[in-house]
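K.L.:
Can you read through this structure? Questions will come right after.
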Amino acid sequence: MNRRLFKSLPFQLMVAALFAWGLASLLPLQPSFEHSTTFKLLMLTKTTYIGLLKMLVGIVVLFSLLQGITSIGSTSRLKTLGYKTIAFYSLTSTLAICLGLGVSLAIPKWPHLIDIAQVTIGSHIQLIDNSASSGGAIAEKLFSMALVNPFQALATTNLLAIVVFSLLLGIALLASLPPKHPVFELISGLNIAINRVVSAIIKLAPLAVFAIVFQFTAQSGNSIFGELALFALLVFSLTLVHGGIVLPLLAKLFTGIKYSTLFRALSAPMAMAFATSSSSATLPLSLQTAQEDLGISQPTSSMVLPLGSIMNMDGTALFEGVAAIFLAQLYGIELGTSGLIMIFIMAMVSSIGAPGMPSGSMSGMQLVLLAVGIPLEAIAILLIIERPLDTFRTAVNVEGDLIAALVVDKWQSQSTKV
C-alpha cells in the first residue's frame, strides 16, 4: 500500500510542492541567491521540463484532433447521428465555458503575485493583439493566423492554424477513405505513441514542480497557496453547478426524464469515472447503462458515447476557462475582449482533443495558455491540485456523454416518426 502511494504521481507532486514551499519559506534566502549555481540548476530543471512540453504541444494537438474526427467512422454517420451529437456537445461545452468565464470575471480579481518579467520560458506566440478588440479586427486576425502553411504552423507553434488544418484534414480523410483504411490505424498508433511520450515527460513533473514552487514562494511568499485553494474551491463549485443543475435541466427540457430516474441510472458510471479519472475506461459501463437503464437504442449509444469519450469534455472545458483567467490575473496579464474570445475558442477546441485518461486536460491546457501569452510553466501550479479536481470533472464528463445520448436518441425517434 505504502509502495503504491509513493509511486503515485499526485502524491509525488504534493510532496515536491510542500518540500519546495517549506525550504523557500524557512531558509534565509538573500537577494544574491538568484545568481547562485543552485538556483540556476533549479531553473534549468524548469526550463528543460517546459521545453519538452513546448516541443510536443503542436504534435499533440494535431493527432488528438485527427483521432477525434476520424473516430466518427464515416461521413454518412457524421451526417445522420454525427451532426446532432456534435450540436449537443457544442451546446453543453459552450454553457460550461460561459459559466466558468462569467463567474471568474464577476468575482474580485485574483492578486498579481508573479512578475512575468522574471519568467524564463514564455510564449512568443500571441494569436490576437489585445488592442484590436473590435469584431472585424478580431475576425481578420483570426483568419490571418489560421490560414497559414501547416508546417510553418507546427514550427512556430501557431496552434490556431494547427487546429484548422487538423479539422480540414480529418474531414477530408473521413470523406475519402474507407473506414478500415491503414491511415486511420496509423493516426491511432501515432496518437498512442505521442501520449506515451507525454506520459513519460509528466513523470518528470515532481522535479519541475519543486523548482517552480520554490521560485514562486521565494518571489511571492506563501500567498500563492491560499489563492490556489480558493481557485480549487471555485472550480469544484462551478463543476458541481454544471453537473448538478445545467446538464440535468437540459435532459429534462429535451426528453422529459425525471431527475430521480436520471441520477439513479447515472450513479454507477459516474462513480466509476470518479474512481478511474478516465472517461474512456468508463465507456463499457456507460454503454450498458445507456441501453439497459435509460432505454437508449444500440445504434445511438454506440455512436454517441464513444465519440463523447473523445470529444465531449464539459468539465475540462470549464476548468480550462477558469484556469486561464486565474493564471492570467496571477501573472498580471490583461486579457481584454480579444483575449477572452481566444480563451473561449481554445477551451472549446482543446476539450474536444483532450485524451480520455487521467490528467488528459493538461495537454489541452497548453493550447489555452499559449493562445493568450501565459507562460507554460504556469501548468506546474495547476498540477498541484489538478488531479483531485480531475476525478470530479471526469464524472461530469461521463454524465454529459450519457445525457447527450439520451437527448440525441429522442431526436432520432422524433425524426423517424416524421
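Please note that chains go A, B, ... in the order of the C-alpha cells, that every chain numbers its residues from 1, and that ligands are numbered from 1 in the order shown.
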Could you pull the residues within 10 Å of range 236-241 of chain A, counting only C-alpha atoms, minus those fewer than 2 positions along the same chain, as a list of chain:residue names?
P.N.:
A:Ala96, A:Leu99, A:Gly100, A:Val103, A:Ser104, A:Leu230, A:Phe231, A:Ala232, A:Leu233, A:Leu234, A:Gly243, A:Gly244, A:Ile245, A:Val246, A:Leu247, A:Asp314, A:Gly315, A:Thr316, A:Leu318, A:Phe319, A:Val322, A:Pro388, A:Leu389, A:Asp390, A:Phe392, A:Arg393, A:Ala395, A:Val396, A:Asn397
K.L.:
Nearest to Leu402 in chain A among A:Thr300, A:Thr337, A:Asn149, A:Ser350, with distances taken over only C-alpha atoms: which residue is it?
P.N.:
A:Thr300
K.L.:
Rounded to one decimal in Å, what is the spacing between CA of Thr156 in chain A and CA of Ser144 in chain A?
P.N.:
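A separation of 14.4 Å between them.
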K.L.:
May I ask which of the residues A:Pro178, A:Gly22, A:Ser278, A:Phe225 is the closest one to Arg387 in chain A, counting only C-alpha atoms?
P.N.:
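Distance minimum relative to Arg387 in chain A lands on A:Ser278.
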K.L.:
Could you pull the residues within 12 Å of Gly189 in chain A, counting only C-alpha atoms, minus those fewer than 4 positions along the same chain, as a ChimeraX atom specification?
P.N.:
/A:63-64,66-67,182-185,193-196
K.L.:
Please, could you write that set of residues out with N, CA, C and O atoms as a PDB file, in the first residue's frame?
P.N.:
```pdb
ATOM      1  N   PHE A  63      -2.579  15.378 -33.715  1.00  0.00           N
ATOM      2  CA  PHE A  63      -3.010  13.985 -33.770  1.00  0.00           C
ATOM      3  C   PHE A  63      -4.199  13.701 -32.854  1.00  0.00           C
ATOM      4  O   PHE A  63      -4.992  12.801 -33.138  1.00  0.00           O
ATOM      5  N   SER A  64      -4.350  14.464 -31.766  1.00  0.00           N
ATOM      6  CA  SER A  64      -5.526  14.273 -30.917  1.00  0.00           C
ATOM      7  C   SER A  64      -6.796  14.638 -31.673  1.00  0.00           C
ATOM      8  O   SER A  64      -7.810  13.927 -31.619  1.00  0.00           O
ATOM      9  N   LEU A  66      -7.127  14.825 -35.012  1.00  0.00           N
ATOM     10  CA  LEU A  66      -7.311  13.866 -36.106  1.00  0.00           C
ATOM     11  C   LEU A  66      -7.938  12.568 -35.599  1.00  0.00           C
ATOM     12  O   LEU A  66      -8.832  12.005 -36.235  1.00  0.00           O
ATOM     13  N   GLN A  67      -7.488  12.102 -34.444  1.00  0.00           N
ATOM     14  CA  GLN A  67      -8.055  10.890 -33.857  1.00  0.00           C
ATOM     15  C   GLN A  67      -9.531  11.085 -33.524  1.00  0.00           C
ATOM     16  O   GLN A  67     -10.368  10.220 -33.788  1.00  0.00           O
ATOM     17  N   PRO A 182      -5.675   1.776 -43.561  1.00  0.00           N
ATOM     18  CA  PRO A 182      -4.474   1.807 -42.706  1.00  0.00           C
ATOM     19  C   PRO A 182      -4.110   3.204 -42.188  1.00  0.00           C
ATOM     20  O   PRO A 182      -3.462   3.314 -41.148  1.00  0.00           O
ATOM     21  N   VAL A 183      -4.510   4.256 -42.901  1.00  0.00           N
ATOM     22  CA  VAL A 183      -4.199   5.616 -42.443  1.00  0.00           C
ATOM     23  C   VAL A 183      -4.819   5.880 -41.073  1.00  0.00           C
ATOM     24  O   VAL A 183      -4.201   6.495 -40.200  1.00  0.00           O
ATOM     25  N   PHE A 184      -6.043   5.405 -40.871  1.00  0.00           N
ATOM     26  CA  PHE A 184      -6.703   5.608 -39.582  1.00  0.00           C
ATOM     27  C   PHE A 184      -5.979   4.844 -38.475  1.00  0.00           C
ATOM     28  O   PHE A 184      -5.863   5.329 -37.345  1.00  0.00           O
ATOM     29  N   GLU A 185      -5.510   3.634 -38.808  1.00  0.00           N
ATOM     30  CA  GLU A 185      -4.740   2.865 -37.835  1.00  0.00           C
ATOM     31  C   GLU A 185      -3.415   3.552 -37.523  1.00  0.00           C
ATOM     32  O   GLU A 185      -2.944   3.545 -36.372  1.00  0.00           O
ATOM     33  N   ALA A 193       1.366   6.586 -29.300  1.00  0.00           N
ATOM     34  CA  ALA A 193       2.800   6.772 -29.050  1.00  0.00           C
ATOM     35  C   ALA A 193       3.098   8.154 -28.485  1.00  0.00           C
ATOM     36  O   ALA A 193       3.883   8.299 -27.542  1.00  0.00           O
ATOM     37  N   ILE A 194       2.464   9.183 -29.054  1.00  0.00           N
ATOM     38  CA  ILE A 194       2.691  10.550 -28.586  1.00  0.00           C
ATOM     39  C   ILE A 194       2.205  10.714 -27.157  1.00  0.00           C
ATOM     40  O   ILE A 194       2.878  11.329 -26.316  1.00  0.00           O
ATOM     41  N   ASN A 195       1.025  10.148 -26.858  1.00  0.00           N
ATOM     42  CA  ASN A 195       0.516  10.224 -25.494  1.00  0.00           C
ATOM     43  C   ASN A 195       1.430   9.494 -24.515  1.00  0.00           C
ATOM     44  O   ASN A 195       1.549   9.893 -23.349  1.00  0.00           O
ATOM     45  N   ARG A 196       2.075   8.437 -24.994  1.00  0.00           N
ATOM     46  CA  ARG A 196       3.021   7.726 -24.129  1.00  0.00           C
ATOM     47  C   ARG A 196       4.256   8.593 -23.845  1.00  0.00           C
ATOM     48  O   ARG A 196       4.780   8.608 -22.722  1.00  0.00           O
TER      49      ARG A 196
END
```
K.L.:
Hey, what's within 10 Å of Lys84 in chain A if we count only C-alpha atoms and toss same-chain stuff fewer than 5 positions away? As JSON, numbers by chain, please?
P.N.:
{"A": [78, 79, 89, 90, 304, 404, 407, 408, 409, 411, 412]}
K.L.:
Kindly export the residues of the current selection with all heavy atoms, as a CSV table (one decimal), in the first residue's frame.
P.N.:
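That gives us selection34.csv:
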```csv
chain,number,residue,atom,x,y,z
A,78,LEU,N,-21.6,10.8,-39.9
A,78,LEU,CA,-21.5,12.2,-39.4
A,78,LEU,C,-22.7,13.0,-39.8
A,78,LEU,O,-23.2,13.9,-39.1
A,78,LEU,CB,-20.2,12.8,-40.1
A,78,LEU,CG,-19.9,14.3,-39.7
A,78,LEU,CD1,-19.7,14.4,-38.2
A,78,LEU,CD2,-18.7,14.8,-40.5
A,79,LYS,N,-23.3,12.7,-41.0
A,79,LYS,CA,-24.5,13.5,-41.5
A,79,LYS,C,-25.7,13.1,-40.7
A,79,LYS,O,-26.6,13.9,-40.6
A,79,LYS,CB,-24.7,13.2,-43.0
A,79,LYS,CG,-23.6,13.8,-43.8
A,79,LYS,CD,-23.8,13.5,-45.3
A,79,LYS,CE,-22.7,14.1,-46.2
A,79,LYS,NZ,-22.9,13.6,-47.6
A,89,TYR,N,-23.2,18.4,-28.1
A,89,TYR,CA,-21.9,18.5,-27.4
A,89,TYR,C,-21.4,20.0,-27.4
A,89,TYR,O,-20.9,20.5,-26.4
A,89,TYR,CB,-20.8,17.6,-28.0
A,89,TYR,CG,-21.0,16.1,-27.6
A,89,TYR,CD1,-20.4,15.2,-28.4
A,89,TYR,CD2,-21.7,15.8,-26.5
A,89,TYR,CE1,-20.5,13.8,-28.1
A,89,TYR,CE2,-21.8,14.4,-26.2
A,89,TYR,CZ,-21.3,13.5,-27.0
A,89,TYR,OH,-21.4,12.1,-26.6
A,90,SER,N,-21.6,20.6,-28.5
A,90,SER,CA,-21.1,22.0,-28.6
A,90,SER,C,-22.0,22.9,-27.7
A,90,SER,O,-21.4,23.9,-27.1
A,90,SER,CB,-21.3,22.5,-30.1
A,90,SER,OG,-20.5,21.8,-30.9
A,304,VAL,N,-22.8,7.8,-30.1
A,304,VAL,CA,-22.7,9.0,-29.3
A,304,VAL,C,-21.7,8.8,-28.1
A,304,VAL,O,-20.8,9.7,-27.9
A,304,VAL,CB,-24.0,9.4,-28.7
A,304,VAL,CG1,-23.9,10.6,-27.8
A,304,VAL,CG2,-25.0,9.7,-29.8
A,404,ALA,N,-26.2,13.3,-23.4
A,404,ALA,CA,-26.2,13.6,-24.8
A,404,ALA,C,-26.8,12.4,-25.6
A,404,ALA,O,-27.6,12.6,-26.5
A,404,ALA,CB,-24.8,13.9,-25.3
A,407,VAL,N,-30.6,12.5,-25.2
A,407,VAL,CA,-31.2,13.6,-26.0
A,407,VAL,C,-31.2,13.3,-27.5
A,407,VAL,O,-32.2,13.4,-28.2
A,407,VAL,CB,-30.5,15.0,-25.7
A,407,VAL,CG1,-31.0,16.0,-26.7
A,407,VAL,CG2,-30.7,15.4,-24.3
A,408,VAL,N,-30.0,12.8,-28.0
A,408,VAL,CA,-29.9,12.5,-29.4
A,408,VAL,C,-30.8,11.4,-29.8
A,408,VAL,O,-31.4,11.4,-30.9
A,408,VAL,CB,-28.4,12.2,-29.8
A,408,VAL,CG1,-28.3,11.6,-31.2
A,408,VAL,CG2,-27.6,13.4,-29.6
A,409,ASP,N,-31.0,10.4,-28.9
A,409,ASP,CA,-31.9,9.3,-29.2
A,409,ASP,C,-33.3,9.7,-29.3
A,409,ASP,O,-34.1,9.3,-30.1
A,409,ASP,CB,-31.7,8.2,-28.1
A,409,ASP,CG,-32.4,6.9,-28.5
A,409,ASP,OD1,-32.0,6.3,-29.5
A,409,ASP,OD2,-33.3,6.4,-27.7
A,411,TRP,N,-34.2,12.8,-30.2
A,411,TRP,CA,-34.3,13.5,-31.5
A,411,TRP,C,-34.4,12.5,-32.7
A,411,TRP,O,-35.2,12.7,-33.6
A,411,TRP,CB,-33.1,14.4,-31.7
A,411,TRP,CG,-33.0,15.6,-30.8
A,411,TRP,CD1,-34.0,16.1,-30.1
A,411,TRP,CD2,-31.9,16.4,-30.6
A,411,TRP,NE1,-33.6,17.2,-29.4
A,411,TRP,CE2,-32.3,17.4,-29.7
A,411,TRP,CE3,-30.6,16.4,-31.0
A,411,TRP,CZ2,-31.5,18.5,-29.2
A,411,TRP,CZ3,-29.7,17.4,-30.6
A,411,TRP,CH2,-30.2,18.4,-29.7
A,412,GLN,N,-33.7,11.4,-32.6
A,412,GLN,CA,-33.7,10.4,-33.7
A,412,GLN,C,-35.1,9.8,-33.8
A,412,GLN,O,-35.6,9.6,-34.9
A,412,GLN,CB,-32.7,9.3,-33.4
A,412,GLN,CG,-31.2,9.7,-33.8
A,412,GLN,CD,-31.0,9.9,-35.3
A,412,GLN,OE1,-31.0,11.0,-35.8
A,412,GLN,NE2,-30.9,8.8,-36.0
```
K.L.:
Considering only C-alpha atoms, return as a list in words whatever protein or nucleic-acid residues lie within 9 Å of range 160-162 of chain A, sequence-local ones (same chain, fewer than 6 positions apart) excluded.
P.N.:
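Residues meeting the cut-off are Gly58, Ile59, Val61, Leu62, Leu127, Leu142, Phe143, Met145, Ala146, Leu147, Val148, Asn149, Pro150, Phe151, Ala153, Leu154, Met346, Leu367 and Ala371 of chain A.
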K.L.:
What is the CA of Ile385 in chain A-CA of Ile325 in chain A distance in Å, reported with one decimal?
P.N.:
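Atom-to-atom, CA of Ile385 in chain A to CA of Ile325 in chain A, that is 16.3 Å.
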